[in-house]
Amino acid sequence: MATRGVLWRPNPAEPDGEGEMKEIIDINTGQIAVRGGQCLLRAMALGSCIAVAAYEFRARIAGMAHIMLPGETPQRGANDPRYAVYGIGALLDRMIEAGCDSGAIEVCLVGGGNVLRSDKDSICWDNIRSVTAILQEKNIPIRASGLGGNERKIAFLDAETGRVSFTEGNGAEQVLWPPKADSVNDCEP
């Protein structure tokens with residue numbers, strides 16, 4: 001189960017640097033969370049793992065899966081969300097159960113780095129290929145990604161706005177996918 005806490009986050013849109021309190025839900029390796037409202041989904045320790053950050057703007061529901069391994073589990077019938085096939089499938093199923101339109105779910109990807117800096121370490125590339133192929137097969141658009149590199153990453157998904165950001169190494173937070181407001185102030189991609 002995902003762990004919870006409260007986080008004060010500075011709001012870059014506010015010139016005086018004021019922040020807001022949001023519940024933070026940590027998504028650890030092999031975990032999935034689906035939420036709406038004022039909370040932040042966070043996947044830490046992303047080396048070769050990939051955070052699949054999914055959002056459906058009309059329902060304003062966010063979901064995140066922390067994928068550790070490519071493909072599917074080698075054990076028949078095992079439902080292990082550490083593996084890309086089951087983890088992504090379970091994430092999408094939970095979002096649909098929460099009220100999302102399957103045709104309106106979009107994702108961003110963060111992670112897939114070669115943090116061991118080894119030429120023989122192919123798990124990062126295997127994860128990237130596996131996750132992107134599964135999403136393509138399911139017709140889920142990938143809106144943006146922060147994949148590869150050699151530094152650990154942390155992914156953030158704001159369940160209220162759909163904003164996806166990440167940090168790399170000890171660097172500053174970078175916005176990966178800002179939602180755009182449409183003419184009636186609803187968030188739309």
# chains A, B, ... in the order shown; residues from 1 in each chain; ligands from 1
call {"tool": "residues_around", "arguments": {"residues": "Ala45 of chain A", "least_positions_apart": "2", "cutoff": "10 Å", "atoms": "only C-alpha atoms", "output": "ChimeraX atom specification"}}
result
/A:28-29,43,47-50,66,111,151-155,169
call {"tool": "closest_residue", "arguments": {"among": "A:Asp158, A:Glu106, A:Glu72, A:Glu97", "to": "Ala84 of chain A", "atoms": "only C-alpha atoms"}}
result
A:Glu72
call {"tool": "closest_residue", "arguments": {"among": "A:Ala78, A:Leu147, A:Ile32, A:Met68", "to": "Glu168 of chain A", "atoms": "only C-alpha atoms"}}
result
A:Leu147
call {"tool": "select_by_dssp", "arguments": {"residues": "segment 30-110 of chain A", "states": "alpha helix (DSSP H)", "output": "list in words"}}
result
Ala84, Val85, Tyr86, Gly87, Ile88, Gly89, Ala90, Leu91, Leu92, Asp93, Arg94, Met95, Ile96 and Glu97 of chain A
call {"tool": "write_last_selection", "arguments": {"atoms": "C-alpha atoms", "output": "compact mmCIF listing (two decimals), in the first residue's frame"}}
result
# COMPACT_ATOMS: atom_id res chain seq x y z
CA ALA A 84 5.06 -3.61 -16.86
CA VAL A 85 2.23 -5.70 -18.36
CA TYR A 86 0.30 -6.19 -15.13
CA GLY A 87 1.27 -2.88 -13.52
CA ILE A 88 0.04 -0.79 -16.44
CA GLY A 89 -3.07 -2.93 -16.91
CA ALA A 90 -3.97 -2.66 -13.23
CA LEU A 91 -3.36 1.11 -13.24
CA LEU A 92 -5.71 1.61 -16.19
CA ASP A 93 -8.35 -0.73 -14.70
CA ARG A 94 -8.31 1.18 -11.40
CA MET A 95 -8.63 4.51 -13.19
CA ILE A 96 -11.63 3.27 -15.19
CA GLU A 97 -13.21 1.90 -11.97
call {"tool": "residues_around", "arguments": {"residues": "Asp121 of chain A", "least_positions_apart": "4", "cutoff": "12 Å", "atoms": "only C-alpha atoms", "output": "list in words"}}
result
Gly47, Ser48, Gly112, Gly113, Asn114, Val115, Leu116, Arg117, Trp125, Asp126, Asn127 and Asn150 of chain A
call {"tool": "write_last_selection", "arguments": {"atoms": "N, CA and C atoms", "output": "mmCIF file, in the first residue's frame"}}
result
data_model
loop_
_atom_site.group_PDB
_atom_site.id
_atom_site.type_symbol
_atom_site.label_atom_id
_atom_site.label_comp_id
_atom_site.auth_asym_id
_atom_site.auth_seq_id
_atom_site.Cartn_x
_atom_site.Cartn_y
_atom_site.Cartn_z
ATOM 1 N N GLY A 47 15.491 4.603 -10.621
ATOM 2 C CA GLY A 47 16.725 4.364 -11.356
ATOM 3 C C GLY A 47 16.306 3.805 -12.701
ATOM 4 N N SER A 48 16.383 2.497 -12.853
ATOM 5 C CA SER A 48 15.896 1.867 -14.083
ATOM 6 C C SER A 48 14.378 1.707 -14.062
ATOM 7 N N GLY A 112 13.769 5.132 -15.996
ATOM 8 C CA GLY A 112 14.460 4.385 -17.039
ATOM 9 C C GLY A 112 15.920 4.774 -17.214
ATOM 10 N N GLY A 113 16.587 5.111 -16.116
ATOM 11 C CA GLY A 113 17.978 5.528 -16.203
ATOM 12 C C GLY A 113 18.951 4.391 -15.937
ATOM 13 N N ASN A 114 20.154 4.548 -16.438
ATOM 14 C CA ASN A 114 21.230 3.591 -16.195
ATOM 15 C C ASN A 114 22.077 4.140 -15.047
ATOM 16 N N VAL A 115 21.521 4.076 -13.841
ATOM 17 C CA VAL A 115 22.191 4.675 -12.687
ATOM 18 C C VAL A 115 23.445 3.922 -12.266
ATOM 19 N N LEU A 116 23.575 2.676 -12.683
ATOM 20 C CA LEU A 116 24.790 1.914 -12.395
ATOM 21 C C LEU A 116 25.904 2.271 -13.370
ATOM 22 N N ARG A 117 25.559 2.989 -14.429
ATOM 23 C CA ARG A 117 26.514 3.443 -15.440
ATOM 24 C C ARG A 117 27.317 2.278 -16.013
ATOM 25 N N TRP A 125 16.853 0.115 -20.645
ATOM 26 C CA TRP A 125 16.342 0.138 -22.021
ATOM 27 C C TRP A 125 15.216 -0.870 -22.205
ATOM 28 N N ASP A 126 15.332 -2.026 -21.552
ATOM 29 C CA ASP A 126 14.256 -3.025 -21.618
ATOM 30 C C ASP A 126 12.969 -2.463 -21.025
ATOM 31 N N ASN A 127 13.090 -1.750 -19.902
ATOM 32 C CA ASN A 127 11.909 -1.138 -19.284
ATOM 33 C C ASN A 127 11.291 -0.085 -20.192
ATOM 34 N N ASN A 150 21.680 9.037 -16.353
ATOM 35 C CA ASN A 150 22.418 8.248 -15.373
ATOM 36 C C ASN A 150 22.110 8.623 -13.934
#
call {"tool": "closest_residue", "arguments": {"among": "A:Arg129, A:Gln136, A:Pro141, A:Asp119", "to": "Gly103 of chain A", "atoms": "only C-alpha atoms"}}
result
A:Pro141
call {"tool": "select_by_dssp", "arguments": {"residues": "segment 70-117 of chain A", "states": "strand (DSSP E or B)", "output": "VMD selection string"}}
result
chain A and resid 83 106 to 111
call {"tool": "closest_residue", "arguments": {"among": "A:Arg143, A:Lys120, A:Arg82, A:Lys138", "to": "Val107 of chain A", "atoms": "only C-alpha atoms"}}
result
A:Arg143
call {"tool": "closest_residue", "arguments": {"among": "A:Ala53, A:Ile27, A:Val131, A:Met21", "to": "Val164 of chain A", "atoms": "only C-alpha atoms"}}
result
A:Ala53
call {"tool": "atom_distance", "arguments": {"atom1": "atom CA of Glu137 of chain A", "atom2": "atom CA of Val34 of chain A"}}
result
21.7 Å
call {"tool": "atom_distance", "arguments": {"atom1": "atom CA of Leu41 of chain A", "atom2": "atom CA of Pro74 of chain A"}}
result
28.9 Å
call {"tool": "atom_distance", "arguments": {"atom1": "atom CA of Thr161 of chain A", "atom2": "atom CA of Ile128 of chain A"}}
result
25.9 Å
call {"tool": "closest_residue", "arguments": {"among": "A:Leu109, A:Leu157, A:Gly71, A:Leu46", "to": "Ala133 of chain A", "atoms": "only C-alpha atoms"}}
result
A:Gly71
